[in-house]
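Novice: The file below is input35.txt, compact mmCIF, C-alpha atoms:
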```
# COMPACT_ATOMS: atom_id res chain seq x y z
CA MET A 261 -47.37 -154.90 57.39
CA SER A 262 -43.71 -154.14 57.93
CA ASN A 263 -42.29 -157.53 56.94
CA PRO A 264 -44.60 -159.43 54.59
CA LEU A 265 -44.35 -163.23 54.42
CA ILE A 266 -43.79 -164.51 50.89
CA ILE A 267 -44.31 -168.14 49.90
CA THR A 268 -43.00 -168.95 46.42
CA ILE A 269 -44.19 -172.16 44.79
CA GLY A 270 -42.41 -173.77 41.85
CA ARG A 271 -44.29 -176.77 40.53
CA GLU A 272 -44.35 -179.51 37.95
CA TYR A 273 -47.29 -179.39 35.56
CA GLY A 274 -49.99 -181.74 36.85
CA SER A 275 -48.56 -181.93 40.37
CA GLY A 276 -51.35 -179.89 41.95
CA GLY A 277 -48.94 -177.11 42.90
CA ARG A 278 -51.23 -174.32 41.73
CA GLN A 279 -54.18 -175.72 43.69
CA ILE A 280 -51.97 -176.09 46.78
CA GLY A 281 -50.80 -172.48 46.36
CA GLU A 282 -54.35 -171.17 46.11
CA MET A 283 -55.47 -173.14 49.16
CA VAL A 284 -52.47 -172.04 51.25
CA ALA A 285 -53.10 -168.38 50.38
CA LYS A 286 -56.80 -168.72 51.28
CA GLU A 287 -56.01 -170.56 54.52
CA LEU A 288 -53.48 -167.89 55.58
CA GLY A 289 -55.67 -165.05 54.34
CA ILE A 290 -52.93 -163.60 52.13
CA ALA A 291 -52.73 -162.61 48.45
CA TYR A 292 -52.26 -165.15 45.64
CA TYR A 293 -50.39 -164.32 42.43
CA ASP A 294 -50.27 -166.30 39.24
CA LYS A 295 -52.35 -165.12 36.27
CA GLU A 296 -53.00 -162.08 38.44
CA LEU A 297 -49.30 -161.32 38.29
CA ILE A 298 -49.43 -161.30 34.50
CA LYS A 299 -52.18 -158.69 34.60
CA LEU A 300 -50.14 -156.56 36.95
CA VAL A 301 -47.07 -156.84 34.73
CA ALA A 302 -49.15 -156.05 31.66
CA GLU A 303 -50.42 -152.87 33.28
CA LYS A 304 -46.96 -151.73 34.31
CA SER A 305 -45.06 -152.65 31.17
CA GLY A 306 -47.63 -151.70 28.58
CA PHE A 307 -47.44 -155.13 26.90
CA SER A 308 -50.79 -156.54 25.89
CA HIS A 309 -52.24 -159.23 28.12
CA GLU A 310 -52.38 -161.69 25.19
CA PHE A 311 -48.77 -161.06 24.21
CA ILE A 312 -47.51 -161.78 27.73
CA GLU A 313 -49.57 -164.97 28.02
CA ASP A 314 -48.22 -166.14 24.66
CA ASN A 315 -44.59 -165.40 25.43
CA GLU A 316 -44.32 -166.32 29.10
CA GLN A 317 -42.66 -169.72 28.91
CA ARG A 318 -41.61 -169.92 25.29
CA THR A 319 -37.93 -169.22 25.75
CA SER A 320 -37.14 -172.80 24.71
CA ASN A 321 -38.34 -171.91 21.22
CA GLY A 322 -36.34 -168.73 20.97
CA PHE A 323 -32.70 -169.74 21.16
CA MET A 324 -31.34 -167.17 18.69
CA GLN A 325 -33.42 -164.41 20.18
CA ASN A 326 -32.23 -165.33 23.67
CA TRP A 327 -28.64 -165.66 22.59
CA ALA A 328 -28.86 -162.14 21.23
CA ALA A 329 -30.39 -161.05 24.52
CA SER A 330 -27.54 -162.59 26.50
CA SER A 331 -25.06 -160.65 24.41
CA ALA A 332 -26.94 -157.45 25.04
CA TYR A 333 -26.95 -158.30 28.73
CA SER A 334 -23.22 -158.99 28.98
CA ASN A 335 -22.47 -155.81 27.06
CA GLY A 336 -24.26 -153.83 29.72
CA PHE A 337 -27.41 -152.84 27.84
CA PHE A 338 -29.79 -153.29 30.74
CA SER A 339 -32.52 -150.90 29.72
CA THR A 340 -35.54 -152.93 28.65
CA GLN A 341 -35.86 -150.88 25.46
CA TYR A 342 -32.67 -152.53 24.08
CA LEU A 343 -33.72 -156.06 25.01
CA PRO A 344 -35.83 -158.55 23.06
CA LEU A 345 -39.40 -158.75 24.32
CA SER A 346 -38.94 -162.03 26.26
CA GLU A 347 -36.10 -160.48 28.30
CA ALA A 348 -37.99 -157.26 28.87
CA LEU A 349 -40.94 -159.34 30.05
CA PHE A 350 -38.80 -161.23 32.57
CA ILE A 351 -37.39 -157.99 33.96
CA SER A 352 -40.87 -156.46 34.24
CA GLN A 353 -42.10 -159.57 36.07
CA SER A 354 -39.12 -159.49 38.43
CA GLN A 355 -39.86 -155.88 39.28
CA ALA A 356 -43.52 -156.71 39.89
CA ILE A 357 -42.58 -159.62 42.20
CA ARG A 358 -40.21 -157.41 44.21
CA GLU A 359 -42.92 -154.75 44.53
CA ILE A 360 -45.45 -157.32 45.79
CA ALA A 361 -42.93 -158.62 48.35
CA GLU A 362 -42.48 -155.08 49.68
CA LYS A 363 -46.15 -154.33 50.14
CA GLU A 364 -48.03 -157.49 51.18
CA SER A 365 -47.82 -161.13 52.27
CA ALA A 366 -48.49 -163.43 49.32
CA VAL A 367 -48.20 -166.82 47.68
CA ILE A 368 -46.48 -166.46 44.30
CA VAL A 369 -46.69 -169.46 41.95
CA GLY A 370 -44.01 -169.91 39.27
CA ARG A 371 -42.13 -167.08 37.53
CA CYS A 372 -38.73 -168.01 39.12
CA ALA A 373 -39.91 -166.05 42.17
CA ASP A 374 -37.60 -168.11 44.44
CA TYR A 375 -34.62 -166.88 42.43
CA ILE A 376 -35.86 -163.30 42.09
CA LEU A 377 -36.32 -163.04 45.87
CA ALA A 378 -33.15 -165.02 46.77
CA GLY A 379 -31.70 -163.91 50.10
CA ARG A 380 -34.90 -162.19 51.21
CA LYS A 381 -35.82 -162.83 54.86
CA HIS A 382 -39.30 -164.10 55.69
CA THR A 383 -39.56 -166.04 52.43
CA ILE A 384 -40.40 -169.75 52.13
CA ASN A 385 -39.48 -171.34 48.81
CA ILE A 386 -41.46 -174.47 47.96
CA PHE A 387 -41.30 -176.91 45.03
CA ILE A 388 -44.19 -179.31 44.35
CA HIS A 389 -43.67 -182.39 42.18
CA ALA A 390 -45.31 -185.80 41.70
CA PRO A 391 -44.59 -189.12 40.00
CA THR A 392 -45.38 -189.07 36.26
CA GLU A 393 -48.31 -191.52 36.58
CA VAL A 394 -49.99 -189.28 39.16
CA ARG A 395 -49.51 -186.20 36.98
CA VAL A 396 -50.86 -188.05 33.93
CA ALA A 397 -54.00 -189.10 35.82
CA ARG A 398 -54.60 -185.53 37.01
CA ILE A 399 -54.13 -183.97 33.55
CA MET A 400 -56.35 -186.61 31.87
CA LYS A 401 -59.17 -185.83 34.30
CA LEU A 402 -58.66 -182.07 34.29
CA HIS A 403 -58.49 -181.62 30.50
CA ASN A 404 -60.52 -184.69 29.50
CA ILE A 405 -57.72 -186.03 27.27
CA ASP A 406 -56.16 -189.49 26.75
CA GLU A 407 -52.97 -190.82 28.33
CA ALA A 408 -50.73 -190.22 25.31
CA SER A 409 -51.82 -186.57 25.05
CA ALA A 410 -51.32 -186.05 28.81
CA LEU A 411 -47.79 -187.52 28.62
CA LYS A 412 -47.01 -185.25 25.68
CA GLU A 413 -48.26 -182.16 27.54
CA ILE A 414 -46.19 -183.11 30.60
CA ALA A 415 -42.99 -183.66 28.59
CA LYS A 416 -43.52 -180.32 26.81
CA SER A 417 -44.16 -178.45 30.05
CA ASP A 418 -41.16 -180.03 31.87
CA LYS A 419 -38.89 -179.01 29.00
CA GLU A 420 -40.28 -175.47 28.81
CA ARG A 421 -40.21 -174.84 32.57
CA GLY A 422 -36.74 -176.38 32.93
CA ASN A 423 -35.38 -174.28 30.06
CA HIS A 424 -37.10 -171.15 31.32
CA TYR A 425 -35.70 -171.62 34.84
CA PHE A 426 -32.19 -172.40 33.62
CA ARG A 427 -32.30 -169.54 31.10
CA TYR A 428 -32.99 -166.94 33.76
CA THR A 429 -31.39 -168.38 36.91
CA ASP A 430 -28.50 -170.47 35.52
CA GLN A 431 -29.66 -173.19 37.96
CA LYS A 432 -31.25 -176.58 37.46
CA TRP A 433 -35.02 -176.57 37.96
CA GLY A 434 -36.07 -178.85 40.83
CA LYS A 435 -32.72 -178.90 42.63
CA ALA A 436 -33.61 -179.44 46.30
CA GLN A 437 -31.03 -176.97 47.59
CA ASN A 438 -32.83 -174.07 45.84
CA TYR A 439 -35.91 -174.54 48.02
CA ASP A 440 -36.82 -174.71 51.70
CA LEU A 441 -39.33 -177.47 51.15
CA CYS A 442 -39.85 -179.86 48.21
CA ILE A 443 -42.92 -182.06 48.41
CA ASN A 444 -44.11 -185.05 46.41
CA SER A 445 -47.81 -184.18 46.26
CA ALA A 446 -48.67 -187.91 46.04
CA LEU A 447 -47.22 -188.47 49.53
CA MET A 448 -50.49 -187.53 51.21
CA SER A 449 -53.77 -185.73 50.46
CA ILE A 450 -53.68 -182.16 49.12
CA ASP A 451 -55.51 -181.05 52.29
CA LYS A 452 -52.75 -182.47 54.48
CA ILE A 453 -50.00 -180.90 52.36
CA VAL A 454 -51.76 -177.52 52.62
CA LYS A 455 -52.01 -177.98 56.40
CA MET A 456 -48.28 -178.77 56.60
CA ILE A 457 -47.31 -175.67 54.59
CA VAL A 458 -49.67 -173.48 56.63
CA ARG A 459 -48.03 -174.78 59.83
CA VAL A 460 -44.54 -174.00 58.46
CA ALA A 461 -45.76 -170.51 57.47
CA GLN A 462 -47.14 -169.93 60.99
CA ILE A 463 -43.80 -170.98 62.51
CA GLU A 464 -42.06 -168.51 60.17
CA GLU A 465 -44.50 -165.74 61.18
CA GLU A 466 -43.81 -166.40 64.88
CA LYS A 467 -40.08 -165.74 64.36
CA MET B 1189 -45.31 -206.27 61.55
CA SER B 1190 -46.62 -207.11 58.10
CA ASN B 1191 -45.76 -203.90 56.32
CA PRO B 1192 -42.90 -202.03 57.99
CA LEU B 1193 -42.60 -198.26 57.51
CA ILE B 1194 -39.20 -197.23 56.17
CA ILE B 1195 -37.96 -193.63 56.28
CA THR B 1196 -34.79 -193.09 54.24
CA ILE B 1197 -32.80 -189.93 54.89
CA GLY B 1198 -30.23 -188.57 52.45
CA ARG B 1199 -28.41 -185.58 53.86
CA GLU B 1200 -25.73 -182.99 53.23
CA TYR B 1201 -22.80 -183.11 55.64
CA GLY B 1202 -23.40 -180.55 58.39
CA SER B 1203 -27.13 -180.23 57.69
CA GLY B 1204 -28.19 -182.06 60.87
CA GLY B 1205 -29.73 -184.89 58.84
CA ARG B 1206 -28.25 -187.63 61.03
CA GLN B 1207 -29.51 -185.97 64.23
CA ILE B 1208 -32.96 -185.52 62.67
CA GLY B 1209 -32.96 -189.21 61.66
CA GLU B 1210 -32.05 -190.37 65.16
CA MET B 1211 -34.71 -188.17 66.76
CA VAL B 1212 -37.42 -189.28 64.30
CA ALA B 1213 -36.60 -192.96 64.96
CA LYS B 1214 -36.72 -192.40 68.74
CA GLU B 1215 -39.96 -190.41 68.52
CA LEU B 1216 -41.63 -193.12 66.41
CA GLY B 1217 -40.10 -195.94 68.45
CA ILE B 1218 -38.57 -197.63 65.40
CA ALA B 1219 -35.05 -198.82 64.52
CA TYR B 1220 -32.29 -196.48 63.34
CA TYR B 1221 -29.58 -197.58 60.89
CA ASP B 1222 -26.41 -195.77 59.98
CA LYS B 1223 -23.09 -197.00 61.45
CA GLU B 1224 -25.19 -199.91 62.75
CA LEU B 1225 -25.91 -200.86 59.17
CA ILE B 1226 -22.18 -201.08 58.47
CA LYS B 1227 -21.79 -203.55 61.31
CA LEU B 1228 -24.65 -205.61 59.98
CA VAL B 1229 -23.15 -205.63 56.48
CA ALA B 1230 -19.73 -206.52 57.90
CA GLU B 1231 -21.21 -209.52 59.68
CA LYS B 1232 -23.03 -210.75 56.61
CA SER B 1233 -20.32 -210.16 54.02
CA GLY B 1234 -17.30 -211.15 56.05
CA PHE B 1235 -15.56 -207.81 55.34
CA SER B 1236 -13.82 -206.29 58.32
CA HIS B 1237 -15.53 -203.39 60.02
CA GLU B 1238 -12.53 -201.13 59.40
CA PHE B 1239 -12.34 -202.00 55.72
CA ILE B 1240 -15.98 -201.08 55.18
CA GLU B 1241 -15.66 -197.79 57.06
CA ASP B 1242 -12.59 -196.91 54.99
CA ASN B 1243 -14.14 -197.77 51.64
CA GLU B 1244 -17.71 -196.64 52.11
CA GLN B 1245 -17.72 -193.34 50.24
CA ARG B 1246 -14.38 -193.37 48.50
CA THR B 1247 -15.57 -194.23 45.02
CA SER B 1248 -14.57 -190.77 43.83
CA ASN B 1249 -10.95 -191.79 44.34
CA GLY B 1250 -11.26 -195.07 42.51
CA PHE B 1251 -12.13 -194.25 38.93
CA MET B 1252 -10.16 -197.05 37.25
CA GLN B 1253 -11.32 -199.60 39.75
CA ASN B 1254 -14.92 -198.51 39.23
CA TRP B 1255 -14.60 -198.42 35.48
CA ALA B 1256 -13.44 -202.04 35.61
CA ALA B 1257 -16.39 -202.83 37.85
CA SER B 1258 -18.83 -201.26 35.38
CA SER B 1259 -17.46 -203.46 32.62
CA ALA B 1260 -17.86 -206.54 34.78
CA TYR B 1261 -21.41 -205.38 35.52
CA SER B 1262 -22.42 -204.84 31.92
CA ASN B 1263 -20.94 -208.19 30.91
CA GLY B 1264 -23.26 -209.88 33.36
CA PHE B 1265 -20.81 -210.91 36.06
CA PHE B 1266 -23.06 -210.15 39.00
CA SER B 1267 -21.58 -212.48 41.57
CA THR B 1268 -19.76 -210.41 44.17
CA GLN B 1269 -16.71 -212.63 43.89
CA TYR B 1270 -15.95 -211.21 40.41
CA LEU B 1271 -16.45 -207.59 41.47
CA PRO B 1272 -13.99 -205.09 42.99
CA LEU B 1273 -14.48 -204.70 46.72
CA SER B 1274 -16.28 -201.33 46.50
CA GLU B 1275 -18.92 -202.89 44.24
CA ALA B 1276 -19.25 -205.99 46.38
CA LEU B 1277 -19.72 -203.73 49.39
CA PHE B 1278 -22.52 -201.78 47.70
CA ILE B 1279 -24.31 -205.01 46.82
CA SER B 1280 -23.94 -206.36 50.37
CA GLN B 1281 -25.32 -203.10 51.77
CA SER B 1282 -28.24 -203.14 49.34
CA GLN B 1283 -29.09 -206.68 50.45
CA ALA B 1284 -28.89 -205.64 54.09
CA ILE B 1285 -31.19 -202.64 53.48
CA ARG B 1286 -33.76 -204.84 51.72
CA GLU B 1287 -33.64 -207.35 54.59
CA ILE B 1288 -34.23 -204.60 57.16
CA ALA B 1289 -37.19 -203.28 55.14
CA GLU B 1290 -38.75 -206.75 55.17
CA LYS B 1291 -38.50 -207.29 58.88
CA GLU B 1292 -38.96 -204.00 60.77
CA SER B 1293 -39.88 -200.32 60.58
CA ALA B 1294 -36.75 -198.17 60.51
CA VAL B 1295 -35.05 -194.90 59.70
CA ILE B 1296 -32.10 -195.53 57.34
CA VAL B 1297 -29.64 -192.67 56.90
CA GLY B 1298 -27.55 -192.51 53.71
CA ARG B 1299 -26.38 -195.51 51.67
CA CYS B 1300 -28.57 -194.63 48.62
CA ALA B 1301 -31.40 -196.36 50.51
CA ASP B 1302 -34.00 -194.29 48.60
CA TYR B 1303 -32.72 -195.77 45.33
CA ILE B 1304 -32.31 -199.30 46.69
CA LEU B 1305 -35.92 -199.32 47.92
CA ALA B 1306 -37.36 -197.45 44.89
CA GLY B 1307 -40.96 -198.44 44.21
CA ARG B 1308 -41.46 -199.93 47.68
CA LYS B 1309 -44.81 -199.03 49.28
CA HIS B 1310 -44.84 -197.55 52.78
CA THR B 1311 -41.50 -195.79 52.26
CA ILE B 1312 -40.87 -192.08 52.82
CA ASN B 1313 -37.74 -190.71 51.16
CA ILE B 1314 -36.35 -187.57 52.74
CA PHE B 1315 -33.41 -185.30 51.85
CA ILE B 1316 -32.04 -182.82 54.39
CA HIS B 1317 -29.89 -179.90 53.27
CA ALA B 1318 -28.92 -176.45 54.57
CA PRO B 1319 -27.25 -173.27 53.34
CA THR B 1320 -23.43 -173.49 53.36
CA GLU B 1321 -23.03 -170.90 56.13
CA VAL B 1322 -25.30 -172.90 58.43
CA ARG B 1323 -23.41 -176.12 57.70
CA VAL B 1324 -20.07 -174.38 58.29
CA ALA B 1325 -21.22 -173.08 61.69
CA ARG B 1326 -22.43 -176.55 62.72
CA ILE B 1327 -19.21 -178.32 61.62
CA MET B 1328 -17.01 -175.68 63.30
CA LYS B 1329 -18.83 -176.19 66.60
CA LEU B 1330 -19.10 -179.97 66.32
CA HIS B 1331 -15.45 -180.63 65.41
CA ASN B 1332 -13.92 -177.55 67.01
CA ILE B 1333 -12.24 -176.44 63.75
CA ASP B 1334 -11.90 -173.11 61.92
CA GLU B 1335 -14.05 -171.84 59.05
CA ALA B 1336 -11.60 -172.72 56.28
CA SER B 1337 -11.29 -176.32 57.51
CA ALA B 1338 -15.08 -176.65 57.81
CA LEU B 1339 -15.55 -175.36 54.25
CA LYS B 1340 -12.94 -177.84 53.01
CA GLU B 1341 -14.65 -180.76 54.77
CA ILE B 1342 -18.02 -179.72 53.32
CA ALA B 1343 -16.69 -179.44 49.77
CA LYS B 1344 -15.00 -182.85 50.09
CA SER B 1345 -18.13 -184.50 51.48
CA ASP B 1346 -20.43 -182.96 48.84
CA LYS B 1347 -18.14 -184.24 46.11
CA GLU B 1348 -17.85 -187.73 47.63
CA ARG B 1349 -21.57 -188.14 48.35
CA GLY B 1350 -22.55 -186.73 44.95
CA ASN B 1351 -20.12 -189.05 43.14
CA HIS B 1352 -21.16 -192.02 45.25
CA TYR B 1353 -24.85 -191.43 44.57
CA PHE B 1354 -24.35 -190.87 40.85
CA ARG B 1355 -22.01 -193.87 40.58
CA TYR B 1356 -24.60 -196.28 41.95
CA THR B 1357 -27.93 -194.73 40.96
CA ASP B 1358 -27.08 -192.86 37.74
CA GLN B 1359 -29.07 -189.96 39.21
CA LYS B 1360 -28.13 -186.54 40.48
CA TRP B 1361 -27.83 -186.35 44.27
CA GLY B 1362 -30.29 -183.86 45.77
CA LYS B 1363 -32.74 -183.88 42.84
CA ALA B 1364 -36.12 -183.07 44.44
CA GLN B 1365 -38.03 -185.58 42.32
CA ASN B 1366 -36.09 -188.49 43.89
CA TYR B 1367 -37.54 -187.75 47.33
CA ASP B 1368 -40.95 -187.33 48.94
CA LEU B 1369 -39.77 -184.49 51.13
CA CYS B 1370 -36.68 -182.26 50.90
CA ILE B 1371 -36.15 -179.90 53.83
CA ASN B 1372 -33.80 -176.99 54.41
CA SER B 1373 -32.93 -177.68 58.05
CA ALA B 1374 -32.36 -173.94 58.63
CA LEU B 1375 -36.04 -173.27 57.89
CA MET B 1376 -37.07 -173.95 61.49
CA SER B 1377 -35.75 -175.62 64.64
CA ILE B 1378 -34.61 -179.26 64.50
CA ASP B 1379 -37.39 -180.11 66.98
CA LYS B 1380 -40.04 -178.68 64.64
CA ILE B 1381 -38.59 -180.50 61.62
CA VAL B 1382 -38.65 -183.78 63.58
CA LYS B 1383 -42.27 -183.08 64.57
CA MET B 1384 -43.19 -182.47 60.91
CA ILE B 1385 -41.56 -185.72 59.73
CA VAL B 1386 -43.18 -187.68 62.58
CA ARG B 1387 -46.59 -186.27 61.54
CA VAL B 1388 -45.99 -187.29 57.91
CA ALA B 1389 -44.95 -190.78 59.11
CA GLN B 1390 -48.12 -191.09 61.20
CA ILE B 1391 -50.24 -190.11 58.19
CA GLU B 1392 -48.43 -192.78 56.15
CA GLU B 1393 -49.05 -195.38 58.87
CA GLU B 1394 -52.79 -194.53 58.91
CA LYS B 1395 -53.06 -195.39 55.20
```
Kindly present the structure from the file in structure tokens form.
Specialist:
Amino acid sequence: MSNPLIITIGREYGSGGRQIGEMVAKELGIAYYDKELIKLVAEKSGFSHEFIEDNEQRTSNGFMQNWAASSAYSNGFFSTQYLPLSEALFISQSQAIREIAEKESAVIVGRCADYILAGRKHTINIFIHAPTEVRVARIMKLHNIDEASALKEIAKSDKERGNHYFRYTDQKWGKAQNYDLCINSALMSIDKIVKMIVRVAQIEEEK
Amino acid sequence: MSNPLIITIGREYGSGGRQIGEMVAKELGIAYYDKELIKLVAEKSGFSHEFIEDNEQRTSNGFMQNWAASSAYSNGFFSTQYLPLSEALFISQSQAIREIAEKESAVIVGRCADYILAGRKHTINIFIHAPTEVRVARIMKLHNIDEASALKEIAKSDKERGNHYFRYTDQKWGKAQNYDLCINSALMSIDKIVKMIVRVAQIEEEK
């Protein structure tokens, strides 16, 4: 394919964004990247699979390390071998996302893909969110935990994803203007949301 | 009608949000409120039409006046007769919006209607935005002005609307989580966006 269609999906934990992404990819018959992307990065970068999974969204716990990384950045040391592992990881992931976008149509969930592919034609950037009570109910059912634990997981994830996004993009996570489409997943059934996104993707493909 | 459907539309200046709102209202055969709302408020509050139009989104220029209003607010003086005119206006508009939502289905553009109706069932909150270059092109054509003037108008409007929204809702304007649907109007044709919103409205009405 000469001009692959890329759909990036940012999502709040418990909003159903991952499920929506998987269903959209299946419906359109295109690739889906999430954990798969980690594997790909691991292969390319030589980091162990476990290390990448552990370090993916932990930047909020690594202020000093990241501060040091920023200094290295602004001093022009771009080679990954001079950067702390979290920075090197982000750069490896960015490269992997750009490579995917060159070779095939895909849905890419998370990983600041909207920012990494900013300005790319034939890209639809989506953000999925939901009211806290809806997210709590989903997490309780999914992980078989109580309300307090679900709320705690949600607060932790929001903080981590927000920090991660801001750390690497210098933008506020969930700002409407950074996306083409932001959807409250409680607005209608997941099936109907998938249908809506698929329709938008078809319109984009007709261009 | 026992349970009117309300669609609120927040929009960036030059994004086509007003046009989309008018078309959605026409397509669904429901009322449309924007300038009309001002008239309604003027009638109810006794303020002159011109005064309301002049003062609607000027809170960014009235810091001291608004600071005084906040103090009056926090001291419990809620009666509009003790409040500066800009505050009294906001309260009159909020009352008007609530009255509309009780009596008929409608599209309401602007006026923090999403915040005023927060928690209301059968309400779809939409935010329309577009990349700056697209907004500039629209404003240039619409007002027959040059690029620099269009950019200036856009910057002024963004500041005023952002300040106005934050002043009255204590929330950031354009935060995805405050809306059910945020749409980049450059994503597809205005006709297709209207069709998408109408479909979402029909799904809501089937509930």
Novice: Taking all atoms listed in the file into account, name the residue in B:Lys1380, B:Lys1214, B:Arg1308, B:Lys1223 that is nearest to chain A.
Specialist: B:Lys1380
Novice: Counting all atoms listed in the file, which residue out of B:Met1328, B:Ile1333, B:Leu1225, B:Val1212 sits closest to B:Ala1284?
Specialist: B:Leu1225
Novice: The residues within 8 Å of (-33.5, -199.4, 50.0), using only C-alpha atoms and the coordinates of the file, should be reported as a ChimeraX atom specification; which are they?
Specialist: /B:1196,1282,1285-1286,1289,1300-1306
Novice: For chain B, report every residue with an atom at most 7 Å from chain A (counting only C-alpha atoms), formatted as a PyMOL selection string.
Specialist: chain B and resi 1317+1362-1365+1368-1372+1375
Novice: Go through B:Glu1393, B:Leu1273, B:Thr1357, B:Ala1213 one by one, measure the shortest atom-to-atom distance of each to B:Leu1193 using only C-alpha atoms, and give the residue with the smallest value.
Specialist: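 Answer, going by the shortest atom-to-atom distance: B:Glu1393.
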Novice: Between atom CA of B:Val1295 and atom CA of B:Gln1283, what is the distance, to one decimal in Å?
Specialist: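 Value for the atom CA of B:Val1295-atom CA of B:Gln1283 distance: 16.1 Å.
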Novice: Separation of atom CA of B:Ser1280 and atom CA of B:Glu1231, in Å?
Specialist: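 Between atom CA of B:Ser1280 and atom CA of B:Glu1231 the gap is 10.2 Å.
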Novice: Box for stretch 283-295 of chain A - axis-aligned, 8 Å on each of the six sides, all listed atoms - centre and size in Å to one decimal, as lines of an AutoDock Vina configuration file.
Specialist:
```
center_x = -53.5
center_y = -167.9
center_z = 45.9
size_x = 22.5
size_y = 26.5
size_z = 35.3
```
Novice: In Å, rounded to a single decimal, give me how far atom CA of A:Asp451 is from atom CA of A:Ser275.
Specialist: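 Atom CA of A:Asp451 lies 13.8 Å from atom CA of A:Ser275.
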Novice: Excluding A:Thr392 and residues on its chain fewer than 3 positions from it, collect all residues at most 9 Å away from it, counting all atoms listed in the file, and give them as a PyMOL selection string.
Specialist: chain A and resi 274-275+395-397+411+414
Novice: Could you please take those selected residues and save C-alpha atoms as a PDB file, keeping the file's coordinate frame?
Specialist:
```pdb
ATOM      1  CA  GLY A 274     -49.990-181.740  36.850  1.00  0.00           C
ATOM      2  CA  SER A 275     -48.560-181.930  40.370  1.00  0.00           C
ATOM      3  CA  ARG A 395     -49.510-186.200  36.980  1.00  0.00           C
ATOM      4  CA  VAL A 396     -50.860-188.050  33.930  1.00  0.00           C
ATOM      5  CA  ALA A 397     -54.000-189.100  35.820  1.00  0.00           C
ATOM      6  CA  LEU A 411     -47.790-187.520  28.620  1.00  0.00           C
ATOM      7  CA  ILE A 414     -46.190-183.110  30.600  1.00  0.00           C
TER       8      ILE A 414
END
```
